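Below is one structure; the comments refer to it alone.
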Amino acid sequence: MKTYSLSLQYRLAAIALLLVGVVLYPLGARASENGASQISGTTNTGPTSPATCALPFTDVQTSDYFYEGVFNLFCRGAIGGYPDNTFRPGNNTTRGQLAKIEVLAKGWELVDPATPSFSDVVRDNPFYQYIETALVHNVLGGYTDGTFRPTAEVTRSQLAKVVVSAEGWPLVTPGSPTFSDVPSGSTFYSYVETAVAHGVLSGYTDGMFRPGNAATRGQIAKIVYLATAPQMTAEEAETIRIINERRAAMGIGTLRIDPAMNAAARRHSFDIGPQQLCQHTGTDGTTPWDRLAQAGYGGWGAGEVVACNYVTPLDAVDGWWDSPGHYAVLTDPAVNDIGCGWWINSEGYGWQTCDTGISVR
């Protein structure tokens, strides 16, 4: 087995090891004025999956291209199915339905104005608050005749505009179009190109985008999921790169980056970091497995490691690698997913969380 030792500075300054159950807390040399660096790790020992969300749809399989999108949005409460336990991924989607999906996926607070903005969406319409909220965020608008047309089907080009507007991405306007049927003079040209640049949608094998085609529920689930997944920072990506590099050197599989796990890990780092805490329980009482389920992770949460007050990804990974408990979490050959999140204070010291899991792919 290949091992990785810490620097001489770390060895000279390490002053204590506190072992509690399967959680190991070593104190290290890399510290700010607020205290020494620490690491903490935990594993799931329960008999059942800690990711408590179960997908009920009989027509959504793990092999489907939209599976992760459906699972994530369903577990976050942003999308639902039908009473017969189907999702009907090939069905088209209306403008009212898309407003609801996008608003819930973004987590925006609903607005409920006394006076409707559109003549055909009155206050007792089930999509009223979602449409009004989308309007406030400049994601969906109406037509010149004062209508919204909530039952009209959403096209692929309209979906591109909604997603790009919701994320606030600067528009990309390349000199040459990516798709032959979305020329530079098209109304939706910049929105389609921006969505492509961010990797949230693509075209067909014949080089076409088919902007006027209706967007299906499966397509929308995938695209909204990819758009709302947090983009990794350089520190987060480097942390995972180092872990995967070391796993590869050991002859065990590298881990797939899961956006939902990234979101759960980042949530925890942003929670405990500002409080100068180094623990697995969130200040709201959540466990790692709670956070994974709430983020929409579709697999089994296996382990979590936390590093506190480290400067670089290498510092944090070295700290984990030198501790048997954390090393076991990160080198478990059974896990195949990972997500990491960083919070960095004003002095440049970071709080790092990495979650590992097992999913069927």
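So you can find residues: chains in the structure tokens are A, B, ... in the order shown, residues in each start at 1, and ligands are numbered from 1 in order.
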Report task. Find the residues around Ile131 of chain A up to 8 Å (only C-alpha atoms counted), leave out those fewer than 4 positions away in its own chain, and share them as a list in words. Result -> Gly96, Ala99, Lys100, Phe127, Leu135 and Leu140 of chain A
Please produce, as a Markdown table, a per-residue contact table for segment 61-143 of chain A versus segment 158-168 of chain A (criterion: any atom at most 9 Å away, only C-alpha atoms considered), showing the nearest atom pair and its distance in Å to one decimal, sorted by chain then residue number.
| residue | atom | partner | partner_atom | distance |
| --- | --- | --- | --- | --- |
| A:Leu98 | CA | A:Leu159 | CA | 8.4 |
| A:Ala99 | CA | A:Val162 | CA | 8.9 |
| A:Glu102 | CA | A:Ala166 | CA | 7.8 |
| A:Val103 | CA | A:Ala166 | CA | 8.8 |
| A:Lys106 | CA | A:Ala166 | CA | 8.0 |
| A:Ala134 | CA | A:Ala166 | CA | 8.5 |
| A:His137 | CA | A:Ala166 | CA | 7.3 |
| A:Asn138 | CA | A:Ser165 | CA | 7.0 |
| A:Val139 | CA | A:Val162 | CA | 5.4 |
| A:Leu140 | CA | A:Val162 | CA | 6.5 |
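Here the question is which of A:Pro274, A:Val192, A:Trp342, A:Thr356 gets nearest to Leu255 of chain A using only C-alpha atoms, and that residue is A:Thr356.
Taking atom CA of Ser202 of chain A as the reference point, atom CA of Gly107 of chain A is found at 25.4 Å.
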Query raised in the report: Mind checking DSSP for segment 27-247 of chain A and telling me the strand (DSSP E or B) residues as a ChimeraX atom specification?
Result: /A:27,32,35,38-43,92,94,153,155,214,216
Query - Distance criterion (only C-alpha atoms): nearest to Ser157 of chain A out of A:Leu277, A:Val172, A:Ala263, A:Ala214 - result: A:Ala214
Query - Residues within 12 Å of Ala237 of chain A, only C-alpha atoms, excluding chain neighbours under 5 positions, as a ChimeraX atom specification - result: /A:231-232,242-244,256-259,262,312-314,338-342,352,354
Selection above as a file: N, CA, C and O atoms, as a PDB file, in the first residue's frame:
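Final file, result21.pdb:
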ATOM      1  N   GLN A 231     -21.424  25.088  -9.054  1.00  0.00           N
ATOM      2  CA  GLN A 231     -20.171  24.972  -9.794  1.00  0.00           C
ATOM      3  C   GLN A 231     -19.018  24.831  -8.804  1.00  0.00           C
ATOM      4  O   GLN A 231     -18.953  25.539  -7.800  1.00  0.00           O
ATOM      5  N   MET A 232     -18.107  23.919  -9.092  1.00  0.00           N
ATOM      6  CA  MET A 232     -17.004  23.662  -8.169  1.00  0.00           C
ATOM      7  C   MET A 232     -15.979  24.782  -8.203  1.00  0.00           C
ATOM      8  O   MET A 232     -15.690  25.348  -9.261  1.00  0.00           O
ATOM      9  N   ILE A 242      -6.675  15.286  -6.077  1.00  0.00           N
ATOM     10  CA  ILE A 242      -5.618  14.656  -5.273  1.00  0.00           C
ATOM     11  C   ILE A 242      -6.097  13.319  -4.722  1.00  0.00           C
ATOM     12  O   ILE A 242      -5.367  12.314  -4.755  1.00  0.00           O
ATOM     13  N   ILE A 243      -7.328  13.288  -4.225  1.00  0.00           N
ATOM     14  CA  ILE A 243      -7.866  12.040  -3.683  1.00  0.00           C
ATOM     15  C   ILE A 243      -7.931  10.971  -4.764  1.00  0.00           C
ATOM     16  O   ILE A 243      -7.523   9.816  -4.554  1.00  0.00           O
ATOM     17  N   ASN A 244      -8.414  11.337  -5.936  1.00  0.00           N
ATOM     18  CA  ASN A 244      -8.516  10.364  -7.024  1.00  0.00           C
ATOM     19  C   ASN A 244      -7.146   9.923  -7.534  1.00  0.00           C
ATOM     20  O   ASN A 244      -6.947   8.765  -7.903  1.00  0.00           O
ATOM     21  N   ARG A 256     -16.433   9.365  -8.928  1.00  0.00           N
ATOM     22  CA  ARG A 256     -17.168  10.288  -9.773  1.00  0.00           C
ATOM     23  C   ARG A 256     -17.627  11.475  -8.942  1.00  0.00           C
ATOM     24  O   ARG A 256     -18.110  11.316  -7.815  1.00  0.00           O
ATOM     25  N   ILE A 257     -17.474  12.672  -9.482  1.00  0.00           N
ATOM     26  CA  ILE A 257     -17.928  13.880  -8.790  1.00  0.00           C
ATOM     27  C   ILE A 257     -19.440  13.976  -8.929  1.00  0.00           C
ATOM     28  O   ILE A 257     -19.979  13.966 -10.039  1.00  0.00           O
ATOM     29  N   ASP A 258     -20.138  14.043  -7.805  1.00  0.00           N
ATOM     30  CA  ASP A 258     -21.590  14.139  -7.809  1.00  0.00           C
ATOM     31  C   ASP A 258     -22.021  15.540  -7.367  1.00  0.00           C
ATOM     32  O   ASP A 258     -21.679  15.973  -6.261  1.00  0.00           O
ATOM     33  N   PRO A 259     -22.739  16.273  -8.226  1.00  0.00           N
ATOM     34  CA  PRO A 259     -23.120  17.648  -7.880  1.00  0.00           C
ATOM     35  C   PRO A 259     -23.941  17.753  -6.600  1.00  0.00           C
ATOM     36  O   PRO A 259     -23.786  18.710  -5.836  1.00  0.00           O
ATOM     37  N   ASN A 262     -21.593  17.533  -3.760  1.00  0.00           N
ATOM     38  CA  ASN A 262     -20.876  18.802  -3.638  1.00  0.00           C
ATOM     39  C   ASN A 262     -21.713  19.816  -2.865  1.00  0.00           C
ATOM     40  O   ASN A 262     -21.212  20.535  -2.000  1.00  0.00           O
ATOM     41  N   THR A 312      -4.484  24.730   2.013  1.00  0.00           N
ATOM     42  CA  THR A 312      -4.505  24.207   0.651  1.00  0.00           C
ATOM     43  C   THR A 312      -5.170  22.838   0.611  1.00  0.00           C
ATOM     44  O   THR A 312      -5.256  22.140   1.628  1.00  0.00           O
ATOM     45  N   PRO A 313      -5.621  22.417  -0.575  1.00  0.00           N
ATOM     46  CA  PRO A 313      -6.161  21.069  -0.706  1.00  0.00           C
ATOM     47  C   PRO A 313      -5.163  19.993  -0.291  1.00  0.00           C
ATOM     48  O   PRO A 313      -5.545  19.006   0.346  1.00  0.00           O
ATOM     49  N   LEU A 314      -3.904  20.186  -0.618  1.00  0.00           N
ATOM     50  CA  LEU A 314      -2.890  19.200  -0.243  1.00  0.00           C
ATOM     51  C   LEU A 314      -2.762  19.100   1.268  1.00  0.00           C
ATOM     52  O   LEU A 314      -2.610  18.008   1.822  1.00  0.00           O
ATOM     53  N   ILE A 338     -18.172  11.052  -4.913  1.00  0.00           N
ATOM     54  CA  ILE A 338     -17.583  11.980  -3.956  1.00  0.00           C
ATOM     55  C   ILE A 338     -18.088  13.388  -4.245  1.00  0.00           C
ATOM     56  O   ILE A 338     -18.437  13.735  -5.378  1.00  0.00           O
ATOM     57  N   GLY A 339     -18.140  14.180  -3.204  1.00  0.00           N
ATOM     58  CA  GLY A 339     -18.438  15.599  -3.331  1.00  0.00           C
ATOM     59  C   GLY A 339     -17.705  16.348  -2.239  1.00  0.00           C
ATOM     60  O   GLY A 339     -17.634  15.880  -1.099  1.00  0.00           O
ATOM     61  N   CYS A 340     -17.117  17.481  -2.576  1.00  0.00           N
ATOM     62  CA  CYS A 340     -16.353  18.261  -1.601  1.00  0.00           C
ATOM     63  C   CYS A 340     -16.798  19.714  -1.624  1.00  0.00           C
ATOM     64  O   CYS A 340     -17.166  20.243  -2.684  1.00  0.00           O
ATOM     65  N   GLY A 341     -16.764  20.344  -0.465  1.00  0.00           N
ATOM     66  CA  GLY A 341     -17.117  21.753  -0.367  1.00  0.00           C
ATOM     67  C   GLY A 341     -16.154  22.505   0.537  1.00  0.00           C
ATOM     68  O   GLY A 341     -15.738  21.980   1.575  1.00  0.00           O
ATOM     69  N   TRP A 342     -15.803  23.715   0.137  1.00  0.00           N
ATOM     70  CA  TRP A 342     -14.866  24.565   0.889  1.00  0.00           C
ATOM     71  C   TRP A 342     -15.553  25.843   1.346  1.00  0.00           C
ATOM     72  O   TRP A 342     -16.341  26.440   0.612  1.00  0.00           O
ATOM     73  N   GLN A 352     -13.003  22.332   5.096  1.00  0.00           N
ATOM     74  CA  GLN A 352     -13.244  21.421   3.985  1.00  0.00           C
ATOM     75  C   GLN A 352     -14.092  20.235   4.427  1.00  0.00           C
ATOM     76  O   GLN A 352     -13.820  19.625   5.469  1.00  0.00           O
ATOM     77  N   CYS A 354     -15.722  16.584   2.716  1.00  0.00           N
ATOM     78  CA  CYS A 354     -15.873  15.681   1.576  1.00  0.00           C
ATOM     79  C   CYS A 354     -16.779  14.531   1.997  1.00  0.00           C
ATOM     80  O   CYS A 354     -16.582  13.907   3.038  1.00  0.00           O
TER      81      CYS A 354
END
Report task. Please provide as a ChimeraX atom specification all residues within 8 Å of Ile101 of chain A, with the sequence filter that same-chain residues fewer than 3 positions apart are discarded (counting only C-alpha atoms). Result -> /A:78-79,97-98,104-105
Please produce a file of those selected residues containing N, CA, C and O atoms, as an mmCIF file, in the first residue's frame.
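Writing done, so here's part-v6.cif:
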data_model
loop_
_atom_site.group_PDB
_atom_site.id
_atom_site.type_symbol
_atom_site.label_atom_id
_atom_site.label_comp_id
_atom_site.auth_asym_id
_atom_site.auth_seq_id
_atom_site.Cartn_x
_atom_site.Cartn_y
_atom_site.Cartn_z
ATOM 1 N N ALA A 78 -38.814 19.704 -6.027
ATOM 2 C CA ALA A 78 -38.990 20.627 -7.142
ATOM 3 C C ALA A 78 -39.777 20.034 -8.296
ATOM 4 O O ALA A 78 -40.168 20.763 -9.214
ATOM 5 N N ILE A 79 -40.007 18.724 -8.270
ATOM 6 C CA ILE A 79 -40.728 18.081 -9.363
ATOM 7 C C ILE A 79 -41.467 16.875 -8.803
ATOM 8 O O ILE A 79 -41.029 16.275 -7.807
ATOM 9 N N GLN A 97 -46.012 24.880 -15.585
ATOM 10 C CA GLN A 97 -45.258 23.812 -14.924
ATOM 11 C C GLN A 97 -43.774 24.157 -14.829
ATOM 12 O O GLN A 97 -43.137 23.926 -13.800
ATOM 13 N N LEU A 98 -43.216 24.713 -15.904
ATOM 14 C CA LEU A 98 -41.798 25.081 -15.876
ATOM 15 C C LEU A 98 -41.537 26.171 -14.843
ATOM 16 O O LEU A 98 -40.505 26.143 -14.148
ATOM 17 N N LEU A 104 -38.958 26.304 -7.603
ATOM 18 C CA LEU A 104 -38.660 25.377 -6.513
ATOM 19 C C LEU A 104 -37.206 24.921 -6.544
ATOM 20 O O LEU A 104 -36.568 24.777 -5.497
ATOM 21 N N ALA A 105 -36.678 24.696 -7.735
ATOM 22 C CA ALA A 105 -35.279 24.270 -7.846
ATOM 23 C C ALA A 105 -34.325 25.346 -7.352
ATOM 24 O O ALA A 105 -33.283 25.042 -6.756
#
Query raised in the report: Where in segment 199-341 of chain A does DSSP assign alpha helix (DSSP H), given as a PyMOL selection string?
Result: chain A and resi 217-228+234-249+259-272+288-295+313-321+324-330
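For the atom pair formed by atom CA of Asp332 of chain A and atom CA of Thr286 of chain A, the distance is 23.9 Å, given to one decimal.
A straight line drawn from atom CA of Pro89 of chain A to atom CA of Ala227 of chain A is 18.5 Å long.
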Query raised in the report: Which residue out of A:Asn92, A:Thr144, A:Thr194, A:Ser346 has the minimum interatomic distance to Asn213 of chain A when only C-alpha atoms are used?
Result: A:Asn92
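Nearest-residue note for Gly303 of chain A: choosing from A:Val122, A:Ala316, A:Leu55, A:Leu330, the minimum distance belongs to A:Leu330, counting only C-alpha atoms.
Distances from A:Tyr130, A:Thr353, A:Arg210, A:Arg246 to His280 of chain A were compared using only C-alpha atoms, and the smallest one belongs to A:Thr353.
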